[in-house]
Amino acid sequence: MPNAKNKTFPAAHPAPPTSPASPAPTAPASKPDLGDWLFETSPDCIKLLDPQGRLLRMNRNGQRLMEIDDFASFAGMPWHMLWPAAARNGVMAAVAAARRGEVSQFQAACPSAKGSPRWWDVTVSPLLQDGAVTHLVSVSRDTTALVQALANVEEAREASEHARRAKAGFVASLGHEIRTPMNAIVG
């Protein structure tokens, strides 16, 4: 499995491209808050954090991906505490970067609330008001299927390399077995 990685970008980090396979959500007929509508229609796990990195809100798709039945039991928790110990430093570094007004990104494993293994590609961004960071937004994309596919490719590559070495050893041995009796005949 890959190691956790951290990256920091300038504050004007472009949004990730949308998938052409996913249909565009339609705007609601009434005039609710556009921010709430965008927050709730994202297929990713979106979390709103206070500047200290405590969970304030999580969208419905995020709760589904994280297998959280009741967000109320997670509200106010330090976000980094939801991550395994091996990933916490990366999470805290991303929160610290967002507090400084930077956008950061990391990849790490974090199981769901019910223990299902998951891999995430996470972007943490500051929300600014009058130049001050008022909140942080974390967008976590579930990359578990991709990480598993890459692991399967690596496993197949290693098996192929093992087979190639075995074949080369067999051919070398066979050549020796054929040459030895032939040397006695040919002289």
# chains A, B, ... in the order shown; residues from 1 in each chain; ligands from 1
$ residues_around --residues "segment 76-78 of chain A" --least-positions-apart "3" --cutoff "12 Å" --atoms "only C-alpha atoms" --output "JSON, numbers by chain"
{"A": [47, 48, 49, 50, 51, 52, 53, 54, 55, 56, 57, 58, 71, 72, 73, 81, 82, 83, 88, 91, 92, 95]}
$ write_last_selection --atoms "N, CA, C and O atoms" --output "PDB file, in the first residue's frame"
ATOM      1  N   LYS A  47     -16.161  18.068   4.915  1.00  0.00           N
ATOM      2  CA  LYS A  47     -16.278  18.416   6.323  1.00  0.00           C
ATOM      3  C   LYS A  47     -15.995  19.895   6.504  1.00  0.00           C
ATOM      4  O   LYS A  47     -15.068  20.421   5.895  1.00  0.00           O
ATOM      5  N   LEU A  48     -16.792  20.531   7.325  1.00  0.00           N
ATOM      6  CA  LEU A  48     -16.551  21.918   7.729  1.00  0.00           C
ATOM      7  C   LEU A  48     -15.921  21.839   9.114  1.00  0.00           C
ATOM      8  O   LEU A  48     -16.462  21.181  10.017  1.00  0.00           O
ATOM      9  N   LEU A  49     -14.765  22.498   9.250  1.00  0.00           N
ATOM     10  CA  LEU A  49     -14.019  22.478  10.504  1.00  0.00           C
ATOM     11  C   LEU A  49     -13.875  23.894  11.031  1.00  0.00           C
ATOM     12  O   LEU A  49     -13.857  24.853  10.261  1.00  0.00           O
ATOM     13  N   ASP A  50     -13.749  24.017  12.352  1.00  0.00           N
ATOM     14  CA  ASP A  50     -13.394  25.328  12.891  1.00  0.00           C
ATOM     15  C   ASP A  50     -11.885  25.513  12.686  1.00  0.00           C
ATOM     16  O   ASP A  50     -11.198  24.575  12.270  1.00  0.00           O
ATOM     17  N   PRO A  51     -11.338  26.707  12.930  1.00  0.00           N
ATOM     18  CA  PRO A  51      -9.907  26.928  12.674  1.00  0.00           C
ATOM     19  C   PRO A  51      -8.972  26.013  13.486  1.00  0.00           C
ATOM     20  O   PRO A  51      -7.828  25.825  13.115  1.00  0.00           O
ATOM     21  N   GLN A  52      -9.453  25.440  14.571  1.00  0.00           N
ATOM     22  CA  GLN A  52      -8.640  24.514  15.363  1.00  0.00           C
ATOM     23  C   GLN A  52      -8.727  23.079  14.830  1.00  0.00           C
ATOM     24  O   GLN A  52      -8.068  22.186  15.351  1.00  0.00           O
ATOM     25  N   GLY A  53      -9.542  22.860  13.789  1.00  0.00           N
ATOM     26  CA  GLY A  53      -9.641  21.531  13.191  1.00  0.00           C
ATOM     27  C   GLY A  53     -10.694  20.633  13.819  1.00  0.00           C
ATOM     28  O   GLY A  53     -10.659  19.419  13.625  1.00  0.00           O
ATOM     29  N   ARG A  54     -11.654  21.225  14.532  1.00  0.00           N
ATOM     30  CA  ARG A  54     -12.738  20.426  15.113  1.00  0.00           C
ATOM     31  C   ARG A  54     -13.892  20.324  14.119  1.00  0.00           C
ATOM     32  O   ARG A  54     -14.214  21.292  13.418  1.00  0.00           O
ATOM     33  N   LEU A  55     -14.510  19.147  14.071  1.00  0.00           N
ATOM     34  CA  LEU A  55     -15.614  18.896  13.139  1.00  0.00           C
ATOM     35  C   LEU A  55     -16.847  19.700  13.519  1.00  0.00           C
ATOM     36  O   LEU A  55     -17.320  19.627  14.658  1.00  0.00           O
ATOM     37  N   LEU A  56     -17.369  20.449  12.546  1.00  0.00           N
ATOM     38  CA  LEU A  56     -18.608  21.196  12.753  1.00  0.00           C
ATOM     39  C   LEU A  56     -19.758  20.575  11.961  1.00  0.00           C
ATOM     40  O   LEU A  56     -20.894  20.564  12.418  1.00  0.00           O
ATOM     41  N   ARG A  57     -19.421  20.064  10.768  1.00  0.00           N
ATOM     42  CA  ARG A  57     -20.477  19.570   9.886  1.00  0.00           C
ATOM     43  C   ARG A  57     -19.867  18.604   8.871  1.00  0.00           C
ATOM     44  O   ARG A  57     -18.696  18.736   8.503  1.00  0.00           O
ATOM     45  N   MET A  58     -20.669  17.641   8.405  1.00  0.00           N
ATOM     46  CA  MET A  58     -20.247  16.712   7.358  1.00  0.00           C
ATOM     47  C   MET A  58     -21.441  16.473   6.445  1.00  0.00           C
ATOM     48  O   MET A  58     -22.572  16.305   6.922  1.00  0.00           O
ATOM     49  N   PHE A  71     -24.112  11.912  13.039  1.00  0.00           N
ATOM     50  CA  PHE A  71     -22.978  12.837  13.084  1.00  0.00           C
ATOM     51  C   PHE A  71     -22.863  13.541  14.433  1.00  0.00           C
ATOM     52  O   PHE A  71     -21.767  13.941  14.834  1.00  0.00           O
ATOM     53  N   ALA A  72     -23.957  13.672  15.145  1.00  0.00           N
ATOM     54  CA  ALA A  72     -23.938  14.398  16.423  1.00  0.00           C
ATOM     55  C   ALA A  72     -22.866  13.856  17.372  1.00  0.00           C
ATOM     56  O   ALA A  72     -22.257  14.615  18.122  1.00  0.00           O
ATOM     57  N   SER A  73     -22.606  12.550  17.316  1.00  0.00           N
ATOM     58  CA  SER A  73     -21.596  11.974  18.213  1.00  0.00           C
ATOM     59  C   SER A  73     -20.171  12.342  17.788  1.00  0.00           C
ATOM     60  O   SER A  73     -19.224  12.152  18.542  1.00  0.00           O
ATOM     61  N   MET A  81      -8.276  13.140  15.215  1.00  0.00           N
ATOM     62  CA  MET A  81      -8.493  11.978  16.082  1.00  0.00           C
ATOM     63  C   MET A  81      -9.294  10.873  15.388  1.00  0.00           C
ATOM     64  O   MET A  81      -9.328   9.747  15.873  1.00  0.00           O
ATOM     65  N   LEU A  82      -9.928  11.187  14.268  1.00  0.00           N
ATOM     66  CA  LEU A  82     -10.648  10.154  13.522  1.00  0.00           C
ATOM     67  C   LEU A  82      -9.681   9.304  12.691  1.00  0.00           C
ATOM     68  O   LEU A  82     -10.057   8.247  12.182  1.00  0.00           O
ATOM     69  N   TRP A  83      -8.470   9.769  12.530  1.00  0.00           N
ATOM     70  CA  TRP A  83      -7.475   9.102  11.689  1.00  0.00           C
ATOM     71  C   TRP A  83      -6.608   8.173  12.516  1.00  0.00           C
ATOM     72  O   TRP A  83      -6.372   8.419  13.697  1.00  0.00           O
ATOM     73  N   ARG A  88      -2.032  10.850  11.527  1.00  0.00           N
ATOM     74  CA  ARG A  88      -2.399  12.072  12.275  1.00  0.00           C
ATOM     75  C   ARG A  88      -1.462  13.247  12.029  1.00  0.00           C
ATOM     76  O   ARG A  88      -1.924  14.385  11.934  1.00  0.00           O
ATOM     77  N   VAL A  91      -2.479  14.885   8.853  1.00  0.00           N
ATOM     78  CA  VAL A  91      -3.755  15.604   9.008  1.00  0.00           C
ATOM     79  C   VAL A  91      -3.513  16.922   9.750  1.00  0.00           C
ATOM     80  O   VAL A  91      -3.990  17.977   9.322  1.00  0.00           O
ATOM     81  N   MET A  92      -2.751  16.873  10.830  1.00  0.00           N
ATOM     82  CA  MET A  92      -2.484  18.089  11.600  1.00  0.00           C
ATOM     83  C   MET A  92      -1.672  19.099  10.787  1.00  0.00           C
ATOM     84  O   MET A  92      -1.895  20.305  10.891  1.00  0.00           O
ATOM     85  N   VAL A  95      -4.132  20.839   8.470  1.00  0.00           N
ATOM     86  CA  VAL A  95      -4.937  21.808   9.221  1.00  0.00           C
ATOM     87  C   VAL A  95      -4.100  23.055   9.511  1.00  0.00           C
ATOM     88  O   VAL A  95      -4.572  24.184   9.339  1.00  0.00           O
TER      89      VAL A  95
END
$ atom_distance --atom1 "atom CA of Gln148 of chain A" --atom2 "atom CA of Ala85 of chain A"
21.6 Å
$ select_by_dssp --residues "segment 23-134 of chain A" --states "strand (DSSP E)" --output "number ranges by chain"
A: 45-49, 55-58, 103-109, 119-129, 132-134
$ closest_residue --among "A:Ala86, A:Thr41, A:Leu65, A:Ala172" --to "Gly115 of chain A" --atoms "only C-alpha atoms"
A:Leu65
$ closest_residue --among "A:Met66, A:Arg99, A:Asp44, A:Asn61" --to "His135 of chain A" --atoms "only C-alpha atoms"
A:Arg99
